[in-house]
Amino acid sequence: MRPRGGLARVAAVLALVSIAFVAGFAVAQTMTQTGREQLFENAEVKVWKSLVLPNNPLPLHRHEHPRVIVALKGGTMKVLEESGQSETHEWESGKAYWLPANAPGTRHQDVNMGDKAIEVVVVELQKAN
């Protein structure tokens, strides 16, 4: 027989798991097309979620600061510079990656080379160069 406190703990954990699932589902439903959703910003960091659908790149942009990418849904992303140069990244779901600041005066697009959406959280360090 399980002590009463144990049963209450199990019920609390199940409730938290249910809430997290519903909250995650709600967040997933907010982004249905290629784009960014700001999650947090202060003087130290900017955090956003990006969704990049196949054959639907993000518009040209740049990063003045280095950043960490956390792949929620991984895939093959081509970073296509305005100059035509490119590099390809293979991002695995659940892994984190470091990307430096962009070179001065450059802009790029993020192009999903796969057939499924790529979803990442980006943490850009505002005081690092």
# chains A, B, ... in the order shown; residues from 1 in each chain; ligands from 1
call {"tool": "residues_around", "arguments": {"residues": "range 90-103 of chain A", "least_positions_apart": "5", "cutoff": "7 Å", "atoms": "only C-alpha atoms", "output": "compact mmCIF listing (two decimals) with all heavy atoms, in the first residue's frame"}}
result
# COMPACT_ATOMS: atom_id res chain seq x y z
N ARG A 62 20.52 39.44 -40.75
CA ARG A 62 21.88 39.25 -40.24
C ARG A 62 21.86 39.13 -38.73
O ARG A 62 20.87 39.49 -38.09
CB ARG A 62 22.81 40.38 -40.69
CG ARG A 62 22.45 41.76 -40.22
CD ARG A 62 23.49 42.82 -40.58
NE ARG A 62 24.68 42.69 -39.78
CZ ARG A 62 25.82 42.10 -40.19
NH1 ARG A 62 25.92 41.64 -41.41
NH2 ARG A 62 26.85 42.00 -39.39
N HIS A 63 22.96 38.63 -38.19
CA HIS A 63 23.13 38.49 -36.74
C HIS A 63 24.37 39.26 -36.33
O HIS A 63 25.48 38.91 -36.71
CB HIS A 63 23.25 37.02 -36.35
CG HIS A 63 22.06 36.21 -36.75
ND1 HIS A 63 20.91 36.18 -35.98
CD2 HIS A 63 21.81 35.45 -37.84
CE1 HIS A 63 20.02 35.40 -36.58
NE2 HIS A 63 20.54 34.95 -37.72
N GLU A 64 24.18 40.31 -35.57
CA GLU A 64 25.28 41.14 -35.09
C GLU A 64 26.06 40.46 -33.96
O GLU A 64 27.16 40.86 -33.65
CB GLU A 64 24.76 42.49 -34.58
CG GLU A 64 24.05 43.32 -35.61
CD GLU A 64 25.00 43.94 -36.62
OE1 GLU A 64 26.19 44.10 -36.32
OE2 GLU A 64 24.52 44.27 -37.72
N HIS A 65 25.45 39.46 -33.35
CA HIS A 65 26.02 38.81 -32.17
C HIS A 65 26.03 37.29 -32.35
O HIS A 65 25.20 36.75 -33.09
CB HIS A 65 25.22 39.18 -30.93
CG HIS A 65 25.07 40.65 -30.74
ND1 HIS A 65 26.10 41.46 -30.30
CD2 HIS A 65 24.03 41.49 -30.97
CE1 HIS A 65 25.70 42.70 -30.25
NE2 HIS A 65 24.44 42.75 -30.65
N PRO A 66 26.92 36.59 -31.63
CA PRO A 66 26.92 35.13 -31.69
C PRO A 66 25.66 34.57 -31.03
O PRO A 66 24.98 35.26 -30.26
CB PRO A 66 28.18 34.74 -30.91
CG PRO A 66 28.49 35.90 -30.04
CD PRO A 66 27.96 37.11 -30.74
N ARG A 67 25.37 33.31 -31.34
CA ARG A 67 24.14 32.73 -30.85
C ARG A 67 24.25 31.21 -30.70
O ARG A 67 25.10 30.59 -31.32
CB ARG A 67 22.98 33.07 -31.79
CG ARG A 67 23.16 32.54 -33.20
CD ARG A 67 22.59 33.52 -34.22
NE ARG A 67 22.71 33.01 -35.58
CZ ARG A 67 23.77 33.21 -36.33
NH1 ARG A 67 24.82 33.86 -35.88
NH2 ARG A 67 23.82 32.73 -37.56
N VAL A 68 23.36 30.69 -29.90
CA VAL A 68 23.20 29.24 -29.73
C VAL A 68 21.88 28.87 -30.38
O VAL A 68 20.87 29.54 -30.18
CB VAL A 68 23.19 28.85 -28.24
CG1 VAL A 68 22.87 27.38 -28.06
CG2 VAL A 68 24.52 29.20 -27.58
N ILE A 69 21.91 27.81 -31.17
CA ILE A 69 20.71 27.28 -31.82
C ILE A 69 20.37 25.96 -31.12
O ILE A 69 21.23 25.10 -31.01
CB ILE A 69 20.97 26.97 -33.32
CG1 ILE A 69 21.52 28.17 -34.06
CG2 ILE A 69 19.75 26.38 -33.99
CD1 ILE A 69 20.54 29.24 -34.35
N VAL A 70 19.14 25.80 -30.68
CA VAL A 70 18.67 24.53 -30.13
C VAL A 70 17.62 24.00 -31.10
O VAL A 70 16.58 24.63 -31.30
CB VAL A 70 18.08 24.70 -28.72
CG1 VAL A 70 17.59 23.35 -28.19
CG2 VAL A 70 19.10 25.33 -27.78
N ALA A 71 17.91 22.86 -31.69
CA ALA A 71 17.01 22.28 -32.69
C ALA A 71 15.88 21.52 -31.99
O ALA A 71 16.12 20.51 -31.34
CB ALA A 71 17.77 21.34 -33.62
N LEU A 72 14.66 22.04 -32.10
CA LEU A 72 13.49 21.34 -31.58
C LEU A 72 13.05 20.26 -32.57
O LEU A 72 12.70 19.15 -32.18
CB LEU A 72 12.35 22.32 -31.32
CG LEU A 72 12.66 23.47 -30.37
CD1 LEU A 72 11.48 24.43 -30.29
CD2 LEU A 72 13.05 22.96 -29.00
N LYS A 73 13.05 20.63 -33.84
CA LYS A 73 12.79 19.70 -34.95
C LYS A 73 13.90 19.95 -35.95
O LYS A 73 13.92 20.98 -36.62
CB LYS A 73 11.43 19.97 -35.60
CG LYS A 73 10.26 19.70 -34.68
CD LYS A 73 8.95 19.99 -35.38
CE LYS A 73 7.80 19.83 -34.42
NZ LYS A 73 6.53 20.27 -35.01
N GLY A 74 14.84 19.02 -36.03
CA GLY A 74 16.03 19.21 -36.85
C GLY A 74 15.80 19.00 -38.33
O GLY A 74 14.69 18.71 -38.79
N GLY A 75 16.90 19.12 -39.07
CA GLY A 75 16.87 18.94 -40.52
C GLY A 75 18.11 19.56 -41.14
O GLY A 75 19.05 19.95 -40.44
N THR A 76 18.08 19.68 -42.44
CA THR A 76 19.21 20.25 -43.19
C THR A 76 18.88 21.68 -43.57
O THR A 76 17.92 21.93 -44.30
CB THR A 76 19.49 19.42 -44.45
OG1 THR A 76 19.73 18.07 -44.07
CG2 THR A 76 20.69 19.95 -45.20
N MET A 77 19.69 22.61 -43.05
CA MET A 77 19.46 24.03 -43.29
C MET A 77 20.63 24.60 -44.09
O MET A 77 21.78 24.45 -43.70
CB MET A 77 19.35 24.78 -41.96
CG MET A 77 18.98 26.24 -42.12
SD MET A 77 17.23 26.49 -42.45
CE MET A 77 16.55 26.28 -40.81
N ASN A 129 30.76 39.68 -28.87
CA ASN A 129 31.04 40.02 -30.29
C ASN A 129 31.89 38.98 -30.92
O ASN A 129 32.65 38.31 -30.59
CB ASN A 129 31.70 41.38 -30.39
CG ASN A 129 30.70 42.49 -30.10
OD1 ASN A 129 29.52 42.36 -30.37
ND2 ASN A 129 31.17 43.57 -29.54
call {"tool": "residues_around", "arguments": {"residues": "Arg107 in chain A", "least_positions_apart": "6", "cutoff": "12 Å", "atoms": "only C-alpha atoms", "output": "list in words"}}
result
Leu58, Pro59, Leu60, His61, Arg62, His63, Glu64, Val79, Leu80, Glu81, Glu82, Ser83, Gly84, Gln85, Ser86 and Ala101 of chain A
call {"tool": "write_last_selection", "arguments": {"atoms": "C-alpha atoms", "output": "tab-separated table (two decimals), in the first residue's frame"}}
result
chain	number	residue	atom	x	y	z
A	58	LEU	CA	13.34	33.25	-43.86
A	59	PRO	CA	13.80	36.73	-45.40
A	60	LEU	CA	17.31	38.17	-45.71
A	61	HIS	CA	18.67	39.12	-42.29
A	62	ARG	CA	21.88	39.25	-40.24
A	63	HIS	CA	23.13	38.49	-36.74
A	64	GLU	CA	25.28	41.14	-35.09
A	79	VAL	CA	22.56	29.39	-44.94
A	80	LEU	CA	22.54	31.29	-48.23
A	81	GLU	CA	24.50	34.55	-48.23
A	82	GLU	CA	23.29	37.48	-50.32
A	83	SER	CA	26.58	37.12	-52.26
A	84	GLY	CA	25.58	33.61	-53.36
A	85	GLN	CA	27.99	31.77	-51.04
A	86	SER	CA	26.39	29.15	-48.83
A	101	ALA	CA	28.14	36.69	-35.44
call {"tool": "atom_distance", "arguments": {"atom1": "CA of Thr32 in chain A", "atom2": "CA of Glu87 in chain A"}}
result
26.0 Å
call {"tool": "atom_distance", "arguments": {"atom1": "CA of Asn112 in chain A", "atom2": "CA of Pro54 in chain A"}}
result
5.0 Å
call {"tool": "select_by_dssp", "arguments": {"residues": "range 10-129 of chain A", "states": "helix (DSSP H, G or I)", "output": "MDAnalysis selection string"}}
result
chainID A and resid 10:30
call {"tool": "residues_around", "arguments": {"residues": "Lys49 in chain A", "least_positions_apart": "5", "cutoff": "8 Å", "atoms": "only C-alpha atoms", "output": "PyMOL selection string"}}
result
chain A and resi 36-39+119-122
call {"tool": "select_by_dssp", "arguments": {"residues": "range 26-119 of chain A", "states": "strand (DSSP E or B)", "output": "MDAnalysis selection string"}}
result
chainID A and resid 35:41 45:54 56 61 67:73 75:81 86:91 96:99 108:112 118:119
call {"tool": "atom_distance", "arguments": {"atom1": "CA of Trp48 in chain A", "atom2": "CA of Ile118 in chain A"}}
result
13.9 Å
call {"tool": "closest_residue", "arguments": {"among": "A:Thr88, A:Thr106, A:Asn42, A:Thr34", "to": "Asn55 in chain A", "atoms": "only C-alpha atoms"}}
result
A:Thr34
call {"tool": "decode", "arguments": {"residues": "range 62-77 of chain A", "atoms": "all heavy atoms", "output": "mmCIF file, in the first residue's frame"}}
result
data_model
loop_
_atom_site.group_PDB
_atom_site.id
_atom_site.type_symbol
_atom_site.label_atom_id
_atom_site.label_comp_id
_atom_site.auth_asym_id
_atom_site.auth_seq_id
_atom_site.Cartn_x
_atom_site.Cartn_y
_atom_site.Cartn_z
ATOM 1 N N ARG A 62 20.519 39.436 -40.746
ATOM 2 C CA ARG A 62 21.883 39.254 -40.244
ATOM 3 C C ARG A 62 21.857 39.126 -38.732
ATOM 4 O O ARG A 62 20.868 39.489 -38.088
ATOM 5 C CB ARG A 62 22.806 40.375 -40.686
ATOM 6 C CG ARG A 62 22.445 41.762 -40.217
ATOM 7 C CD ARG A 62 23.487 42.824 -40.584
ATOM 8 N NE ARG A 62 24.679 42.690 -39.776
ATOM 9 C CZ ARG A 62 25.821 42.101 -40.187
ATOM 10 N NH1 ARG A 62 25.923 41.636 -41.408
ATOM 11 N NH2 ARG A 62 26.850 41.998 -39.390
ATOM 12 N N HIS A 63 22.964 38.632 -38.188
ATOM 13 C CA HIS A 63 23.126 38.494 -36.745
ATOM 14 C C HIS A 63 24.373 39.262 -36.329
ATOM 15 O O HIS A 63 25.479 38.905 -36.713
ATOM 16 C CB HIS A 63 23.251 37.015 -36.354
ATOM 17 C CG HIS A 63 22.056 36.213 -36.750
ATOM 18 N ND1 HIS A 63 20.914 36.179 -35.984
ATOM 19 C CD2 HIS A 63 21.812 35.445 -37.840
ATOM 20 C CE1 HIS A 63 20.024 35.405 -36.581
ATOM 21 N NE2 HIS A 63 20.541 34.953 -37.716
ATOM 22 N N GLU A 64 24.175 40.311 -35.565
ATOM 23 C CA GLU A 64 25.282 41.140 -35.087
ATOM 24 C C GLU A 64 26.058 40.457 -33.965
ATOM 25 O O GLU A 64 27.164 40.859 -33.647
ATOM 26 C CB GLU A 64 24.757 42.486 -34.577
ATOM 27 C CG GLU A 64 24.054 43.321 -35.613
ATOM 28 C CD GLU A 64 25.001 43.944 -36.621
ATOM 29 O OE1 GLU A 64 26.195 44.100 -36.322
ATOM 30 O OE2 GLU A 64 24.524 44.272 -37.724
ATOM 31 N N HIS A 65 25.449 39.457 -33.350
ATOM 32 C CA HIS A 65 26.025 38.812 -32.172
ATOM 33 C C HIS A 65 26.027 37.291 -32.352
ATOM 34 O O HIS A 65 25.204 36.748 -33.088
ATOM 35 C CB HIS A 65 25.218 39.180 -30.926
ATOM 36 C CG HIS A 65 25.069 40.652 -30.744
ATOM 37 N ND1 HIS A 65 26.103 41.460 -30.303
ATOM 38 C CD2 HIS A 65 24.028 41.487 -30.968
ATOM 39 C CE1 HIS A 65 25.698 42.703 -30.250
ATOM 40 N NE2 HIS A 65 24.436 42.753 -30.653
ATOM 41 N N PRO A 66 26.924 36.590 -31.625
ATOM 42 C CA PRO A 66 26.920 35.128 -31.690
ATOM 43 C C PRO A 66 25.662 34.572 -31.033
ATOM 44 O O PRO A 66 24.983 35.262 -30.256
ATOM 45 C CB PRO A 66 28.182 34.735 -30.912
ATOM 46 C CG PRO A 66 28.489 35.900 -30.044
ATOM 47 C CD PRO A 66 27.961 37.110 -30.744
ATOM 48 N N ARG A 67 25.374 33.309 -31.343
ATOM 49 C CA ARG A 67 24.135 32.727 -30.853
ATOM 50 C C ARG A 67 24.253 31.212 -30.699
ATOM 51 O O ARG A 67 25.096 30.586 -31.320
ATOM 52 C CB ARG A 67 22.981 33.073 -31.790
ATOM 53 C CG ARG A 67 23.160 32.544 -33.203
ATOM 54 C CD ARG A 67 22.585 33.519 -34.219
ATOM 55 N NE ARG A 67 22.713 33.008 -35.575
ATOM 56 C CZ ARG A 67 23.774 33.207 -36.333
ATOM 57 N NH1 ARG A 67 24.821 33.863 -35.877
ATOM 58 N NH2 ARG A 67 23.818 32.734 -37.557
ATOM 59 N N VAL A 68 23.363 30.686 -29.898
ATOM 60 C CA VAL A 68 23.200 29.244 -29.730
ATOM 61 C C VAL A 68 21.879 28.871 -30.381
ATOM 62 O O VAL A 68 20.866 29.545 -30.176
ATOM 63 C CB VAL A 68 23.190 28.855 -28.238
ATOM 64 C CG1 VAL A 68 22.873 27.376 -28.064
ATOM 65 C CG2 VAL A 68 24.521 29.200 -27.581
ATOM 66 N N ILE A 69 21.913 27.814 -31.173
ATOM 67 C CA ILE A 69 20.714 27.280 -31.824
ATOM 68 C C ILE A 69 20.372 25.964 -31.125
ATOM 69 O O ILE A 69 21.233 25.101 -31.009
ATOM 70 C CB ILE A 69 20.972 26.972 -33.317
ATOM 71 C CG1 ILE A 69 21.518 28.170 -34.060
ATOM 72 C CG2 ILE A 69 19.750 26.375 -33.993
ATOM 73 C CD1 ILE A 69 20.537 29.236 -34.349
ATOM 74 N N VAL A 70 19.136 25.798 -30.680
ATOM 75 C CA VAL A 70 18.674 24.532 -30.129
ATOM 76 C C VAL A 70 17.619 23.995 -31.096
ATOM 77 O O VAL A 70 16.581 24.628 -31.300
ATOM 78 C CB VAL A 70 18.077 24.698 -28.719
ATOM 79 C CG1 VAL A 70 17.592 23.345 -28.186
ATOM 80 C CG2 VAL A 70 19.097 25.330 -27.777
ATOM 81 N N ALA A 71 17.914 22.857 -31.695
ATOM 82 C CA ALA A 71 17.006 22.277 -32.690
ATOM 83 C C ALA A 71 15.878 21.521 -31.986
ATOM 84 O O ALA A 71 16.118 20.508 -31.338
ATOM 85 C CB ALA A 71 17.773 21.344 -33.623
ATOM 86 N N LEU A 72 14.656 22.040 -32.100
ATOM 87 C CA LEU A 72 13.486 21.336 -31.578
ATOM 88 C C LEU A 72 13.051 20.262 -32.569
ATOM 89 O O LEU A 72 12.704 19.153 -32.185
ATOM 90 C CB LEU A 72 12.346 22.315 -31.321
ATOM 91 C CG LEU A 72 12.662 23.472 -30.371
ATOM 92 C CD1 LEU A 72 11.478 24.429 -30.286
ATOM 93 C CD2 LEU A 72 13.051 22.962 -29.003
ATOM 94 N N LYS A 73 13.051 20.634 -33.845
ATOM 95 C CA LYS A 73 12.790 19.703 -34.952
ATOM 96 C C LYS A 73 13.901 19.945 -35.955
ATOM 97 O O LYS A 73 13.924 20.979 -36.620
ATOM 98 C CB LYS A 73 11.429 19.972 -35.596
ATOM 99 C CG LYS A 73 10.262 19.696 -34.684
ATOM 100 C CD LYS A 73 8.953 19.988 -35.381
ATOM 101 C CE LYS A 73 7.799 19.827 -34.415
ATOM 102 N NZ LYS A 73 6.532 20.267 -35.012
ATOM 103 N N GLY A 74 14.840 19.018 -36.034
ATOM 104 C CA GLY A 74 16.029 19.211 -36.848
ATOM 105 C C GLY A 74 15.796 18.996 -38.331
ATOM 106 O O GLY A 74 14.687 18.711 -38.786
ATOM 107 N N GLY A 75 16.898 19.121 -39.075
ATOM 108 C CA GLY A 75 16.869 18.942 -40.518
ATOM 109 C C GLY A 75 18.106 19.563 -41.139
ATOM 110 O O GLY A 75 19.049 19.946 -40.439
ATOM 111 N N THR A 76 18.085 19.677 -42.443
ATOM 112 C CA THR A 76 19.210 20.246 -43.191
ATOM 113 C C THR A 76 18.880 21.681 -43.567
ATOM 114 O O THR A 76 17.924 21.931 -44.299
ATOM 115 C CB THR A 76 19.494 19.417 -44.455
ATOM 116 O OG1 THR A 76 19.728 18.066 -44.073
ATOM 117 C CG2 THR A 76 20.689 19.952 -45.203
ATOM 118 N N MET A 77 19.689 22.608 -43.050
ATOM 119 C CA MET A 77 19.463 24.035 -43.288
ATOM 120 C C MET A 77 20.630 24.598 -44.086
ATOM 121 O O MET A 77 21.781 24.455 -43.699
ATOM 122 C CB MET A 77 19.349 24.782 -41.965
ATOM 123 C CG MET A 77 18.979 26.235 -42.123
ATOM 124 S SD MET A 77 17.229 26.486 -42.452
ATOM 125 C CE MET A 77 16.551 26.280 -40.812
#
